[in-house]
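S.K.: Data: final-v9.txt, compact mmCIF, C-alpha atoms.
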```
# COMPACT_ATOMS: atom_id res chain seq x y z
CA MET A 2 26.68 35.74 -4.14
CA LEU A 3 23.45 37.77 -4.07
CA PRO A 4 20.29 35.73 -4.52
CA ASP A 5 17.75 36.53 -7.23
CA LEU A 6 14.15 36.74 -6.20
CA TYR A 7 11.88 33.95 -7.35
CA ARG A 8 8.18 33.47 -6.82
CA VAL A 9 6.63 30.09 -6.06
CA GLN A 10 4.33 29.27 -8.96
CA ARG A 11 3.32 25.77 -7.97
CA VAL A 12 3.63 23.48 -4.97
CA ARG A 13 3.07 19.76 -5.35
CA GLN A 14 3.08 17.37 -2.41
CA GLU A 15 4.91 14.25 -3.63
CA THR A 16 4.82 12.14 -0.45
CA HIS A 17 4.05 12.82 3.22
CA ASP A 18 7.39 14.63 3.68
CA THR A 19 8.51 15.51 0.16
CA PHE A 20 7.29 18.32 -2.06
CA THR A 21 8.13 19.95 -5.37
CA LEU A 22 8.34 23.71 -5.90
CA GLU A 23 8.20 25.41 -9.28
CA LEU A 24 9.91 28.80 -9.14
CA GLU A 25 9.66 31.70 -11.55
CA PRO A 26 12.14 34.61 -11.60
CA MET A 27 11.01 38.03 -10.32
CA SER A 28 13.97 40.43 -10.16
CA GLY A 29 15.67 40.92 -13.52
CA GLY A 30 12.82 38.81 -14.69
CA GLN A 31 12.75 40.06 -18.26
CA GLN A 32 16.29 38.98 -18.93
CA VAL A 33 16.02 35.65 -17.16
CA ALA A 34 12.68 34.93 -18.76
CA ALA A 35 14.08 35.66 -22.21
CA LYS A 36 16.96 33.22 -21.98
CA GLY A 37 15.17 30.75 -19.74
CA VAL A 38 16.43 29.19 -16.54
CA SER A 39 19.24 27.20 -18.03
CA PHE A 40 21.06 24.50 -16.10
CA ALA A 41 22.79 21.18 -16.66
CA ALA A 42 21.38 17.91 -15.34
CA GLY A 43 22.90 17.24 -11.93
CA GLN A 44 23.43 20.86 -10.85
CA PHE A 45 21.93 22.48 -7.77
CA ASN A 46 20.67 25.87 -6.58
CA MET A 47 21.01 27.54 -3.20
CA LEU A 48 17.47 28.29 -2.03
CA TYR A 49 17.12 31.01 0.57
CA ILE A 50 14.09 31.26 2.84
CA PHE A 51 14.33 34.80 4.22
CA GLY A 52 14.81 34.91 7.95
CA VAL A 53 15.39 31.17 8.17
CA GLY A 54 18.38 30.17 6.06
CA GLU A 55 19.80 28.87 2.82
CA VAL A 56 20.13 25.26 1.62
CA PRO A 57 21.49 23.54 -1.48
CA ILE A 58 18.76 21.73 -3.41
CA SER A 59 19.24 19.77 -6.64
CA ILE A 60 17.35 20.89 -9.68
CA SER A 61 14.85 18.23 -10.65
CA GLY A 62 13.15 19.77 -13.69
CA ASN A 63 13.71 19.32 -17.38
CA PRO A 64 16.95 20.90 -18.67
CA THR A 65 15.93 20.48 -22.30
CA PRO A 66 14.71 23.79 -23.76
CA ARG A 67 11.18 23.63 -25.03
CA LYS A 68 10.75 24.51 -28.69
CA VAL A 69 7.52 26.33 -27.99
CA ARG A 70 7.27 27.72 -24.50
CA VAL A 71 3.80 27.21 -23.17
CA SER A 72 4.64 28.70 -19.80
CA PRO A 73 7.38 30.92 -18.42
CA PRO A 74 10.71 29.26 -17.57
CA ARG A 75 10.87 27.75 -14.12
CA PHE A 76 13.25 26.05 -11.79
CA VAL A 77 11.83 22.84 -10.36
CA HIS A 78 13.09 21.58 -6.99
CA THR A 79 11.99 18.50 -5.10
CA THR A 80 12.81 18.69 -1.42
CA ARG A 81 12.35 16.55 1.63
CA ALA A 82 11.38 18.39 4.81
CA VAL A 83 14.04 17.27 7.26
CA GLY A 84 15.67 20.40 8.70
CA THR A 85 14.68 23.90 9.77
CA VAL A 86 15.01 25.45 6.32
CA THR A 87 13.42 22.64 4.33
CA LYS A 88 10.55 22.44 6.82
CA ALA A 89 9.98 26.18 6.34
CA MET A 90 10.20 25.62 2.59
CA GLY A 91 7.49 23.02 2.87
CA LYS A 92 5.13 25.69 4.19
CA LEU A 93 5.56 27.95 1.15
CA LYS A 94 2.47 28.63 -0.93
CA ARG A 95 1.92 29.82 -4.47
CA GLY A 96 2.93 33.49 -4.68
CA ASP A 97 5.50 33.35 -1.86
CA VAL A 98 8.97 34.69 -2.59
CA LEU A 99 12.36 33.12 -1.94
CA GLY A 100 15.96 33.76 -2.95
CA VAL A 101 17.82 31.63 -5.50
CA ARG A 102 21.54 31.47 -6.20
CA GLY A 103 22.83 29.21 -8.94
CA PRO A 104 22.90 26.92 -10.76
CA PHE A 105 26.13 25.54 -9.32
CA GLY A 106 28.34 22.51 -9.67
CA SER A 107 29.20 19.75 -12.10
CA HIS A 108 26.71 17.75 -14.13
CA TRP A 109 25.94 14.17 -15.13
CA PRO A 110 28.10 12.79 -17.99
CA MET A 111 25.61 13.28 -20.80
CA GLU A 112 28.27 13.37 -23.53
CA GLU A 113 30.20 10.32 -22.27
CA ALA A 114 26.96 8.33 -22.27
CA VAL A 115 26.35 8.74 -26.00
CA GLY A 116 26.27 5.37 -27.76
CA LYS A 117 26.32 3.43 -24.48
CA ASP A 118 23.96 1.61 -22.14
CA ILE A 119 22.88 3.78 -19.23
CA VAL A 120 22.11 2.40 -15.78
CA MET A 121 20.64 4.94 -13.37
CA VAL A 122 20.35 3.86 -9.75
CA ALA A 123 18.36 6.11 -7.43
CA GLY A 124 17.66 5.76 -3.73
CA GLY A 125 14.91 7.72 -1.97
CA ILE A 126 15.03 11.44 -2.71
CA GLY A 127 18.06 10.65 -4.93
CA LEU A 128 15.64 10.23 -7.81
CA ALA A 129 15.20 14.02 -7.94
CA PRO A 130 18.77 14.91 -9.09
CA LEU A 131 18.66 12.06 -11.62
CA ARG A 132 15.35 13.08 -13.19
CA PRO A 133 16.83 15.92 -15.32
CA ALA A 134 19.35 13.45 -16.78
CA LEU A 135 16.57 11.02 -17.62
CA TYR A 136 14.55 13.80 -19.30
CA GLN A 137 17.57 14.67 -21.37
CA PHE A 138 18.36 11.05 -22.32
CA LEU A 139 14.76 10.53 -23.39
CA SER A 140 14.68 13.75 -25.42
CA GLN A 141 17.63 12.42 -27.45
CA ARG A 142 16.70 8.77 -27.17
CA GLU A 143 18.34 7.78 -30.46
CA ASN A 144 21.77 8.71 -29.06
CA TYR A 145 21.80 5.97 -26.41
CA ASN A 146 21.44 2.21 -26.24
CA ARG A 147 19.60 0.66 -23.32
CA ILE A 148 18.38 3.03 -20.62
CA ILE A 149 17.61 1.46 -17.26
CA LEU A 150 16.28 3.20 -14.17
CA LEU A 151 16.49 1.30 -10.88
CA TYR A 152 14.75 3.05 -8.03
CA GLY A 153 14.62 1.98 -4.41
CA THR A 154 12.80 3.65 -1.59
CA ARG A 155 11.53 2.96 1.89
CA SER A 156 7.91 1.93 1.29
CA PRO A 157 5.22 2.23 -1.42
CA ALA A 158 4.02 5.47 0.24
CA ASP A 159 7.47 7.01 -0.25
CA ILE A 160 7.62 6.53 -4.01
CA LEU A 161 8.47 9.80 -5.70
CA TYR A 162 7.03 11.00 -9.04
CA ARG A 163 4.62 8.05 -9.03
CA ARG A 164 2.65 9.12 -12.13
CA GLU A 165 5.77 9.80 -14.11
CA LEU A 166 7.29 6.46 -13.09
CA GLU A 167 4.18 4.74 -14.43
CA GLN A 168 4.50 6.63 -17.71
CA TRP A 169 8.18 5.73 -17.96
CA ARG A 170 7.43 2.08 -17.22
CA ALA A 171 4.95 2.03 -20.10
CA ARG A 172 7.66 3.01 -22.60
CA PHE A 173 9.27 0.31 -24.69
CA ASP A 174 12.59 2.13 -24.88
CA LEU A 175 13.16 2.45 -21.14
CA GLU A 176 13.37 -0.20 -18.43
CA VAL A 177 12.16 0.92 -15.03
CA GLN A 178 12.37 -1.24 -11.92
CA VAL A 179 11.11 -0.02 -8.57
CA THR A 180 11.69 -1.69 -5.24
CA VAL A 181 10.81 -0.86 -1.65
CA ASP A 182 12.48 -1.89 1.59
CA GLN A 183 9.22 -2.60 3.40
CA ALA A 184 5.76 -3.51 2.13
CA MET A 185 2.48 -5.02 3.17
CA GLY A 186 0.37 -7.50 1.22
CA ALA A 187 -1.31 -4.98 -1.11
CA TRP A 188 1.98 -4.08 -2.81
CA HIS A 189 2.69 -6.33 -5.80
CA GLY A 190 5.98 -4.73 -6.82
CA ASN A 191 9.51 -5.64 -5.78
CA VAL A 192 10.60 -5.78 -2.14
CA GLY A 193 14.29 -5.66 -1.28
CA VAL A 194 17.13 -3.15 -1.38
CA VAL A 195 17.85 -1.41 -4.67
CA THR A 196 21.15 -3.26 -5.12
CA THR A 197 19.21 -6.52 -5.58
CA LEU A 198 17.82 -5.12 -8.84
CA ILE A 199 21.24 -4.83 -10.47
CA PRO A 200 21.73 -8.56 -11.23
CA ARG A 201 18.20 -8.67 -12.66
CA VAL A 202 18.68 -6.26 -15.55
CA SER A 203 20.49 -6.77 -18.79
CA PHE A 204 23.21 -4.38 -19.97
CA ASP A 205 26.66 -4.54 -21.52
CA PRO A 206 29.03 -3.80 -18.59
CA LEU A 207 31.88 -2.86 -20.89
CA ARG A 208 29.78 -0.22 -22.64
CA THR A 209 27.79 1.13 -19.71
CA ILE A 210 27.71 4.44 -17.92
CA ALA A 211 26.21 4.24 -14.43
CA LEU A 212 24.67 7.23 -12.64
CA ILE A 213 24.00 6.82 -8.93
CA CYS A 214 22.31 9.10 -6.43
CA GLY A 215 21.09 8.29 -2.94
CA PRO A 216 22.31 7.87 0.63
CA GLU A 217 26.04 7.23 0.75
CA ILE A 218 25.68 3.68 2.13
CA MET A 219 23.35 2.82 -0.72
CA MET A 220 25.83 4.27 -3.23
CA ARG A 221 28.72 2.25 -1.75
CA PHE A 222 26.86 -1.03 -2.09
CA THR A 223 25.55 -0.09 -5.54
CA ILE A 224 29.11 0.52 -6.73
CA LEU A 225 30.17 -2.90 -5.40
CA GLU A 226 27.29 -4.56 -7.23
CA LEU A 227 28.04 -2.71 -10.48
CA GLN A 228 31.71 -3.67 -10.23
CA LYS A 229 30.67 -7.32 -9.72
CA ARG A 230 28.85 -7.02 -13.05
CA GLY A 231 32.03 -5.66 -14.64
CA VAL A 232 31.30 -1.94 -14.89
CA GLY A 233 34.58 -0.01 -14.70
CA LYS A 234 35.00 2.58 -11.96
CA GLU A 235 35.76 5.22 -14.58
CA ASN A 236 32.23 4.66 -15.91
CA ILE A 237 30.49 5.09 -12.58
CA PHE A 238 29.29 8.58 -11.59
CA ILE A 239 27.89 9.52 -8.21
CA SER A 240 26.24 12.62 -6.82
CA MET A 241 27.65 13.60 -3.44
CA GLU A 242 26.08 15.61 -0.67
CA ARG A 243 27.74 17.60 2.10
CA ASN A 244 26.99 20.72 4.08
CA MET A 245 27.36 23.38 1.37
CA LYS A 246 27.32 27.04 2.33
CA CYS A 247 28.89 29.44 -0.18
CA ALA A 248 28.46 27.07 -3.18
CA ILE A 249 31.49 28.54 -4.96
CA GLY A 250 34.39 26.83 -3.20
CA PHE A 251 35.38 29.66 -0.81
CA CYS A 252 34.10 28.71 2.61
CA GLY A 253 35.40 25.12 2.76
CA HIS A 254 32.31 23.69 4.45
CA CYS A 255 31.90 20.99 1.83
CA GLN A 256 35.53 20.02 1.47
CA PHE A 257 35.88 16.36 0.50
CA GLY A 258 39.52 15.30 0.37
CA PRO A 259 41.20 17.75 -2.00
CA THR A 260 37.89 18.68 -3.66
CA PHE A 261 34.91 20.83 -2.84
CA ILE A 262 31.55 19.20 -3.40
CA CYS A 263 29.93 22.50 -4.41
CA LYS A 264 32.49 23.41 -7.05
CA ASP A 265 34.09 20.15 -8.22
CA GLY A 266 30.91 18.14 -7.60
CA PRO A 267 28.25 17.29 -6.74
CA VAL A 268 28.63 14.81 -9.61
CA PHE A 269 31.96 12.98 -9.50
CA ARG A 270 33.49 10.22 -11.56
CA TYR A 271 33.95 7.46 -8.98
CA ASP A 272 37.60 6.65 -9.71
CA ARG A 273 38.50 10.29 -9.02
CA ILE A 274 37.19 10.25 -5.46
CA GLN A 275 37.34 6.57 -4.51
CA GLU A 276 40.26 7.19 -2.17
CA TRP A 277 38.08 9.33 0.09
CA PHE A 278 34.70 7.78 -0.58
CA GLY A 279 33.48 5.83 2.41
CA LYS A 280 36.34 7.02 4.68
CA ARG A 281 34.81 7.85 8.02
CA GLU A 282 37.46 10.49 8.77
CA ILE A 283 36.42 12.61 5.78
CA MET B 14 12.78 -35.89 -25.97
CA GLN B 15 13.68 -32.47 -24.62
CA THR B 16 15.40 -32.60 -21.23
CA LEU B 17 15.79 -29.96 -18.53
CA GLU B 18 19.55 -29.86 -19.03
CA PRO B 19 19.69 -26.81 -21.36
CA ILE B 20 17.47 -24.87 -18.93
CA LEU B 21 19.60 -25.79 -15.92
CA VAL B 22 22.84 -24.93 -17.70
CA GLU B 23 21.53 -21.44 -18.47
CA HIS B 24 20.28 -20.69 -14.96
CA PRO B 25 22.72 -18.46 -13.00
CA PHE B 26 22.61 -20.81 -10.00
CA PHE B 27 24.22 -23.60 -12.02
CA LYS B 28 26.62 -21.38 -13.97
CA ASP B 29 29.83 -23.30 -14.75
CA LEU B 30 28.70 -26.41 -12.87
CA GLU B 31 30.58 -29.44 -14.11
CA PRO B 32 28.43 -31.55 -16.49
CA ARG B 33 28.94 -34.69 -14.35
CA TYR B 34 27.25 -32.96 -11.39
CA LEU B 35 24.45 -31.77 -13.61
CA GLN B 36 23.85 -35.35 -14.74
CA LEU B 37 23.66 -36.42 -11.11
CA ILE B 38 21.03 -33.92 -10.06
CA ILE B 39 18.89 -33.70 -13.17
CA GLY B 40 16.90 -36.73 -12.04
CA CYS B 41 15.71 -34.73 -9.02
CA ALA B 42 14.30 -31.88 -11.15
CA SER B 43 10.89 -31.21 -12.63
CA ASN B 44 9.21 -28.35 -14.47
CA VAL B 45 6.53 -26.54 -12.46
CA ARG B 46 4.10 -23.65 -12.90
CA PHE B 47 2.15 -21.63 -10.38
CA ASP B 48 -0.66 -19.11 -10.85
CA SER B 49 -0.86 -15.64 -9.30
CA GLY B 50 -2.06 -15.77 -5.71
CA GLN B 51 -1.06 -19.41 -5.26
CA PHE B 52 1.12 -20.33 -2.29
CA ILE B 53 4.18 -22.35 -3.25
CA PHE B 54 4.72 -23.16 0.38
CA ARG B 55 3.58 -21.95 3.76
CA GLU B 56 5.37 -21.35 7.02
CA GLY B 57 5.76 -24.52 9.09
CA GLU B 58 5.18 -26.94 6.22
CA LYS B 59 7.75 -29.60 5.41
CA ALA B 60 10.49 -28.08 3.25
CA ASN B 61 11.30 -30.60 0.62
CA GLN B 62 11.71 -28.44 -2.48
CA PHE B 63 14.13 -26.03 -3.95
CA TYR B 64 13.14 -23.82 -6.91
CA LEU B 65 15.11 -22.22 -9.72
CA LEU B 66 12.90 -19.39 -10.94
CA ARG B 67 12.63 -19.00 -14.71
CA GLN B 68 9.85 -16.45 -15.11
CA GLY B 69 7.37 -14.56 -12.93
CA LYS B 70 7.58 -13.16 -9.45
CA VAL B 71 7.11 -14.56 -5.94
CA ALA B 72 6.91 -12.82 -2.56
CA LEU B 73 8.38 -14.21 0.64
CA GLU B 74 5.94 -13.20 3.35
CA VAL B 75 5.31 -13.50 7.03
CA PHE B 76 1.82 -13.08 8.39
CA SER B 77 0.99 -11.04 11.43
CA PRO B 78 -2.59 -10.91 12.75
CA GLU B 79 -2.14 -7.20 13.54
CA ARG B 80 -0.54 -6.13 10.26
CA GLY B 81 -1.55 -8.78 7.75
CA ALA B 82 0.93 -10.21 5.26
CA ILE B 83 4.31 -8.47 5.39
CA THR B 84 6.51 -8.93 2.33
CA LEU B 85 10.14 -9.51 3.24
CA GLN B 86 11.51 -9.92 -0.25
CA THR B 87 10.43 -10.58 -3.81
CA LEU B 88 12.25 -12.95 -6.14
CA GLY B 89 12.10 -13.38 -9.88
CA GLU B 90 13.74 -14.74 -13.00
CA GLY B 91 17.23 -16.15 -12.51
CA GLU B 92 16.89 -16.36 -8.73
CA VAL B 93 16.50 -19.22 -6.29
CA LEU B 94 13.71 -19.88 -3.81
CA GLY B 95 14.18 -21.93 -0.66
CA TRP B 96 17.10 -23.32 1.28
CA SER B 97 15.26 -24.91 4.21
CA TRP B 98 15.35 -28.24 2.35
CA LEU B 99 19.09 -28.39 3.05
CA PHE B 100 19.13 -28.01 6.83
CA PRO B 101 17.16 -29.71 9.61
CA PRO B 102 14.39 -29.48 10.67
CA TYR B 103 13.46 -29.10 6.97
CA ARG B 104 10.55 -26.73 7.62
CA TRP B 105 9.68 -23.52 5.76
CA HIS B 106 10.11 -20.40 7.84
CA PHE B 107 8.04 -18.09 5.62
CA ASP B 108 5.19 -18.15 3.11
CA ALA B 109 5.94 -17.97 -0.61
CA ARG B 110 3.06 -16.39 -2.55
CA VAL B 111 3.06 -15.99 -6.32
CA LEU B 112 2.65 -12.38 -7.50
CA GLU B 113 3.04 -13.00 -11.24
CA PRO B 114 2.52 -16.38 -12.97
CA LEU B 115 5.60 -18.39 -12.21
CA ARG B 116 7.60 -20.94 -14.17
CA ALA B 117 10.32 -22.74 -12.28
CA ILE B 118 12.37 -25.89 -12.00
CA ALA B 119 11.62 -27.67 -8.74
CA PHE B 120 14.15 -29.99 -7.15
CA ASP B 121 13.18 -32.72 -4.74
CA GLY B 122 15.12 -31.84 -1.59
CA GLU B 123 15.38 -35.39 -0.25
CA CYS B 124 16.64 -36.63 -3.60
CA LEU B 125 19.27 -33.85 -3.68
CA ARG B 126 20.36 -34.51 -0.10
CA THR B 127 20.81 -38.20 -0.87
CA LYS B 128 22.96 -37.38 -3.91
CA CYS B 129 25.02 -34.96 -1.84
CA GLU B 130 25.62 -37.59 0.83
CA GLU B 131 26.69 -40.08 -1.82
CA ASP B 132 29.04 -37.62 -3.51
CA HIS B 133 30.50 -35.08 -1.12
CA ASP B 134 32.16 -33.15 -3.97
CA LEU B 135 28.71 -32.49 -5.37
CA GLY B 136 27.49 -31.66 -1.87
CA TYR B 137 30.30 -29.14 -1.35
CA GLU B 138 29.58 -27.53 -4.73
CA LEU B 139 25.88 -27.15 -3.95
CA VAL B 140 26.45 -25.90 -0.41
CA LYS B 141 28.94 -23.28 -1.73
CA ARG B 142 26.31 -22.02 -4.17
CA VAL B 143 23.58 -21.95 -1.55
CA ALA B 144 25.96 -20.22 0.91
CA HIS B 145 26.67 -17.55 -1.70
CA ILE B 146 22.97 -16.79 -1.97
CA VAL B 147 22.53 -16.84 1.81
CA ILE B 148 25.38 -14.28 2.13
CA GLN B 149 23.86 -12.03 -0.54
CA ARG B 150 20.47 -12.16 1.19
CA LEU B 151 22.05 -11.52 4.60
CA GLN B 152 23.87 -8.45 3.27
CA ALA B 153 20.70 -7.17 1.62
CA THR B 154 18.76 -7.76 4.84
CA ARG B 155 21.34 -5.80 6.83
CA LEU B 156 20.94 -2.90 4.44
CA GLN B 157 17.16 -3.15 4.76
CA LEU B 158 17.47 -3.03 8.55
CA LEU B 159 19.55 0.16 8.34
CA ASP B 160 16.52 2.05 7.03
CA ILE B 161 18.86 4.07 4.82
CA TYR B 162 16.07 6.25 3.47
CA GLY B 163 14.94 7.23 6.94
CA LEU B 164 15.19 10.76 8.33
CA HIS B 165 18.72 10.27 9.62
CA SER B 166 20.15 8.87 6.40
```
Step by step, read the file and then write its structure as structure tokens.

M.R.:
Amino acid sequence: MLPDLYRVQRVRQETHDTFTLELEPMSGGQQVAAKGVSFAAGQFNMLYIFGVGEVPISISGNPTPRKVRVSPPRFVHTTRAVGTVTKAMGKLKRGDVLGVRGPFGSHWPMEEAVGKDIVMVAGGIGLAPLRPALYQFLSQRENYNRIILLYGTRSPADILYRRELEQWRARFDLEVQVTVDQAMGAWHGNVGVVTTLIPRVSFDPLRTIALICGPEIMMRFTILELQKRGVGKENIFISMERNMKCAIGFCGHCQFGPTFICKDGPVFRYDRIQEWFGKREI
Amino acid sequence: MQTLEPILVEHPFFKDLEPRYLQLIIGCASNVRFDSGQFIFREGEKANQFYLLRQGKVALEVFSPERGAITLQTLGEGEVLGWSWLFPPYRWHFDARVLEPLRAIAFDGECLRTKCEEDHDLGYELVKRVAHIVIQRLQATRLQLLDIYGLHS
């Protein structure tokens, strides 16, 4: 339950309200540095800004260990400044210290996806928790069939990881489609909600694993669209978000039906939570 | 001579359409191409075409003097452009500007309407397919209006 101390090594402004922090361990640093900051794609950390509060933030860096480490191991977190804690986090500079507990929670189905087509659907900041999975898929590219990333966001100015998206789009072994909800004349990309991209891409619905992360409404409509294409609900995985506090299933803040998002999630197989998903009482 | 039939059969809009209907409407169809930047139609013009998109990308836009061209939606391969040909007053409500060189099958709206009046079974089949697209676009528009990526999402 006690946070480890981490120092901010790099701050990158991604959009007007979204930033990425790279964090390096301080306390117990030797040990952590030796084994690296290991995590599974889809997990989250509790980040603690002293005197302000603690928030769960998905890990958005690369989970694949580097063969030759060119820099010390780091946790990478992309955050949108929306509340008191995340706004304070947005003011952190290189060298500032914060507390980290984690990693916590379940992960994306990397093993189940072997030998299959992979459709990743991200909405807004939801691209951040999916990025580690994409890094991992690409690092073992030969293990998977088609890999498709569909990303929707509000406007061209809100596009996350823009440079990386361009690099991914240039690859022949990855299909990337980006769409925005609103655009002016200078934008030549897609306009429309992210669900409209699903009928446009080619995949084998009977041998597809779908990974979805974004606002809950977006996820609900994405699931409907995937089911229309014939993807089974047991092959759809979603990353859920609720008000997490302890992150280890004790406090009950993030209870979702009979599960706790922090401990049993945040990544769930859709058929295991469909009964509660979208219920306004829960 | 190669006909448009194999192309129409493969387009999602005509999926599983009975061959007899296809034979009826094929005479209204022609192959068309548009270059990037070209307007397929403009707001207020007479709407007498209906396009099955085969390749490329087109933006549906509305122009505002204060904000310039605002893109409402982009459409591409396998999708359909235009339904104003089906309902009076047969005028386009938006501009359609080509973003990427476009290949499409264009249908003459008046020709299609005549065929639909002559054969109401064909008319019902076409209206059902157009209605399906209208519903999909309405649902997508509702989602767009929700601003789901906004601060309160």

S.K.: With distances taken over only C-alpha atoms, which residue among B:Trp98, B:Tyr162, B:Phe107, B:Phe26 lies nearest Gln62 (chain B)?

M.R.: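 Answer, going by the shortest atom-to-atom distance: B:Trp98.
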
S.K.: Could you tell me how far CA of Trp277 (chain A) sits from CA of Pro104 (chain A), in Å to one decimal place?

M.R.: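 One can read the CA of Pro104 (chain A) to CA of Trp277 (chain A) distance as 25.6 Å.
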
S.K.: Up to 9 Å from chain A, what residues of chain B turn up? Count all atoms listed in the file and give them as a PyMOL selection string.

M.R.: chain B and resi 70+72+74+80-92+112-113+149-150+153-154+156-158+160-166

S.K.: Counting only C-alpha atoms, what is within 6 Å of region 20-24 of chain A, bar same-chain residues fewer than 6 positions away, as an MDAnalysis selection string?

M.R.: chainID A and resid 7:14 75:80

S.K.: Between CA of Ile160 (chain A) and CA of Gly91 (chain A), measure the distance and give it in Å to one decimal.

M.R.: 17.9 Å

S.K.: Measuring between all atoms listed in the file, which one of A:Ile50, A:Met2, A:Leu135, A:Ile58 shows the shortest distance to Leu93 (chain A)?

M.R.: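 Closest residue, counting all atoms listed in the file: A:Ile50.
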
S.K.: Which residue out of B:Pro19, B:Glu31, B:Leu99, B:Gln36 has the minimum interatomic distance to Thr127 (chain B) when only C-alpha atoms are used?

M.R.: B:Leu99

S.K.: For the atom pair CA of Glu176 (chain A) and CA of Asn146 (chain A), what is the interatomic distance in Å to one decimal place?

M.R.: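 CA of Glu176 (chain A) sits 11.5 Å away from CA of Asn146 (chain A).
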
S.K.: Would you mind telling me which residue in A:Leu6, A:Met47, A:Ala134, A:Ile237 lies nearest to Pro206 (chain A) when using all atoms listed in the file?

M.R.: A:Ile237

S.K.: In terms of the shortest atom-to-atom distance over only C-alpha atoms, which of B:Ser97, B:Val71, B:Val22, B:Leu17 is closest to Phe52 (chain B)?

M.R.: B:Val71
